[in-house]
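Worksheet: the structure to be examined is printed underneath.
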Amino acid sequence: MGDQPTAAAADEPTAEDLARRAAAGDTAALDRLLAELRPEVVRRCGRFLPCREDAEEAAQDVLLQVARHITGFQGRSRFSTWLYTVVANCCRQKYRELRRRAAERPAPPTRPEPVDPRTTSVIAGSRVDLLEALDRLEREYPHLVAPLVYRDICHLDYAEAAERAGIPLGTLKSRLHEARKRVRPWLSGY
């Protein structure tokens with residue numbers, strides 16, 4: 001009897017259910033949805049922003065955007081797909097903000113203090129990472145960004161990535177191939 005799920009557990013609403021209810025104006029569903037999403041959102045933001053503090057800040061931005069724009073979720077695609085788009089956009093925005101702040105900082109003293117890579121933002125580090133490549137890709141080939149983000153970062157299947165990008169499946173695959181080809185040299189050697 002201990003292996004059987006309780007009736008209450010079987011009746012637990014999914015994130016999809018909570019999102020639909022929240023989109024319809026149910027504030028209790030929105031509160032519960034945000035609470036349940038937080039760990040997953042922080043984890044997903046961590047894929048973009050390796051510094052935990054930066055990922056947590058971006059996660060707060062994501063949850064705020066979800067709360068503000070949940071009425072825009074119309075259920076035509078899965079909620080997780082809609083959420084991945086918000087995560088990707090907020091993380092890219094946080095990265096730009098961090099880069100801008102880093103550029104505005106005064107020059108370091110002649111003897112810089114040693115940097116602990118476990119606690120240093122990706123911006124303060126010396127490596128060019130995926131977000132830098134995405135930023136460059138967006139400047140040079142903006143039509144290639146969405147396929148790369150949806151498929152390789154958000155890990156959506158091809159059909160879902162194509163739907164989210166609003167392009168046919170064949171076009172998504174072609175653009176994804178081109179995006180990977182463009183980004184690969186920017187990332188190699190770092």
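Each chain in the structure tokens gets a letter, A, B and so on, in the order shown; residues start at 1 in every chain, and ligands are counted from 1 in the order they appear.
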Write out as a list in words the residues lying within 7 Å of Cys90 in chain A, counting only C-alpha atoms and excluding same-chain residues fewer than 3 positions away.
->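 Contacts, with the query itself left out: Ala58, Asp61, Val62, Val86, Val87, Gln93 and Lys94 of chain A.
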May I have the residues from that selection written out with C-alpha atoms, as a compact mmCIF listing (two decimals), in the first residue's frame?
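Result went into part.txt, see below:
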# COMPACT_ATOMS: atom_id res chain seq x y z
CA ALA A 58 18.48 36.23 -13.82
CA ASP A 61 14.03 38.43 -13.56
CA VAL A 62 12.51 35.34 -15.20
CA VAL A 86 11.67 33.80 -21.11
CA VAL A 87 14.73 32.16 -19.49
CA GLN A 93 19.78 40.46 -21.03
CA LYS A 94 21.58 39.82 -17.72
What are the closest atom pairs, with distances in Å to one decimal, for each residue of range 144-172 of chain A lying within 12 Å of range 45-54 of chain A, using only C-alpha atoms, rows by chain and rising residue number, as JSON lines?
{"residue": "A:Val149", "atom": "CA", "partner": "A:Phe48", "partner_atom": "CA", "distance": 10.2}
{"residue": "A:Asp152", "atom": "CA", "partner": "A:Arg47", "partner_atom": "CA", "distance": 10.9}
{"residue": "A:Ile153", "atom": "CA", "partner": "A:Arg47", "partner_atom": "CA", "distance": 7.6}
{"residue": "A:Cys154", "atom": "CA", "partner": "A:Arg47", "partner_atom": "CA", "distance": 9.0}
{"residue": "A:His155", "atom": "CA", "partner": "A:Arg47", "partner_atom": "CA", "distance": 11.1}
Leaving out Leu156 in chain A and any residue of its chain fewer than 4 positions from it, which residues lie within 10 Å of it when counting only C-alpha atoms, given as a PDB file with C-alpha atoms, in the first residue's frame?
ATOM      1  CA  SER A  80       7.774  24.794 -20.640  1.00  0.00           C
ATOM      2  CA  THR A  81       8.486  26.012 -24.177  1.00  0.00           C
ATOM      3  CA  TYR A  84      12.436  28.516 -21.941  1.00  0.00           C
ATOM      4  CA  PRO A 147      17.350  27.918 -33.494  1.00  0.00           C
ATOM      5  CA  VAL A 149      19.092  28.788 -28.259  1.00  0.00           C
ATOM      6  CA  TYR A 150      15.959  26.629 -28.474  1.00  0.00           C
ATOM      7  CA  ARG A 151      17.706  23.450 -29.602  1.00  0.00           C
ATOM      8  CA  ASP A 152      21.169  23.501 -28.044  1.00  0.00           C
ATOM      9  CA  GLU A 160       9.133  22.160 -30.671  1.00  0.00           C
ATOM     10  CA  ALA A 161      12.110  24.418 -31.436  1.00  0.00           C
ATOM     11  CA  ALA A 162      10.781  25.032 -34.946  1.00  0.00           C
ATOM     12  CA  ARG A 164       8.747  28.214 -30.999  1.00  0.00           C
TER      13      ARG A 164
END
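For the pair CA of Glu36 in chain A and CA of Asp17 in chain A, the separation is 12.4 Å.
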Would you list the contacts of Leu37 in chain A as a ChimeraX atom specification, taking every protein, DNA or RNA residue within 12 Å and counting only C-alpha atoms, but skipping same-chain residues closer than 6 positions in sequence?
-> /A:14-16,18-19,29-31,43-45,59-60,62-64,66-67,79-80,83-84,87
How about saving the chosen residues, C-alpha atoms kept, as an mmCIF file, in the first residue's frame?
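Once everything was written out, this is selection_11.cif:
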data_model
loop_
_atom_site.group_PDB
_atom_site.id
_atom_site.type_symbol
_atom_site.label_atom_id
_atom_site.label_comp_id
_atom_site.auth_asym_id
_atom_site.auth_seq_id
_atom_site.Cartn_x
_atom_site.Cartn_y
_atom_site.Cartn_z
ATOM 1 C CA THR A 14 1.032 20.158 -13.206
ATOM 2 C CA ALA A 15 2.942 23.288 -14.167
ATOM 3 C CA GLU A 16 0.878 23.318 -17.366
ATOM 4 C CA LEU A 18 -1.098 26.019 -13.004
ATOM 5 C CA ALA A 19 0.055 28.148 -15.942
ATOM 6 C CA ALA A 29 -2.192 29.308 -9.078
ATOM 7 C CA LEU A 30 0.370 31.941 -10.119
ATOM 8 C CA ASP A 31 1.920 32.009 -6.632
ATOM 9 C CA ARG A 43 19.145 25.614 -12.814
ATOM 10 C CA ARG A 44 18.335 26.692 -16.374
ATOM 11 C CA CYS A 45 19.770 30.163 -15.797
ATOM 12 C CA ALA A 59 16.083 33.706 -12.272
ATOM 13 C CA GLN A 60 14.433 36.514 -10.295
ATOM 14 C CA VAL A 62 12.506 35.338 -15.197
ATOM 15 C CA LEU A 63 9.986 34.840 -12.386
ATOM 16 C CA LEU A 64 9.080 38.516 -12.507
ATOM 17 C CA VAL A 66 6.419 35.184 -15.853
ATOM 18 C CA ALA A 67 4.277 36.951 -13.236
ATOM 19 C CA PHE A 79 4.231 26.150 -20.955
ATOM 20 C CA SER A 80 7.774 24.794 -20.640
ATOM 21 C CA LEU A 83 9.188 29.481 -20.137
ATOM 22 C CA TYR A 84 12.436 28.516 -21.941
ATOM 23 C CA VAL A 87 14.726 32.160 -19.486
#
Mind pulling up the distance from CA of Glu132 in chain A to CA of Val42 in chain A?
->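 Result for CA of Val42 in chain A versus CA of Glu132 in chain A: 20.1 Å, one decimal.
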Within 8 Å of Thr71 in chain A, counting only C-alpha atoms, which residues show up once you throw out same-chain ones fewer than 3 positions away? Write them as a ChimeraX atom specification, please.
-> /A:22-25,68,74
Export of prior selection with C-alpha atoms as a compact mmCIF listing (two decimals), in the first residue's frame:
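What follows is the written file again.txt:
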# COMPACT_ATOMS: atom_id res chain seq x y z
CA ALA A 22 -2.69 31.68 -13.74
CA ALA A 23 -3.14 32.97 -17.31
CA ALA A 24 -6.88 33.04 -16.63
CA GLY A 25 -6.30 35.25 -13.57
CA ARG A 68 3.90 40.06 -15.37
CA GLN A 74 -2.27 31.18 -24.47
Quick one: distance from CA of Pro39 in chain A to CA of Ala88 in chain A in Å, one decimal?
->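 Between these atoms lies a distance of 15.8 Å.
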Tell me which of A:Glu163, A:Glu140, A:Glu40, A:Asp11 sits closest to Ala55 in chain A, counting only C-alpha atoms.
-> A:Glu40
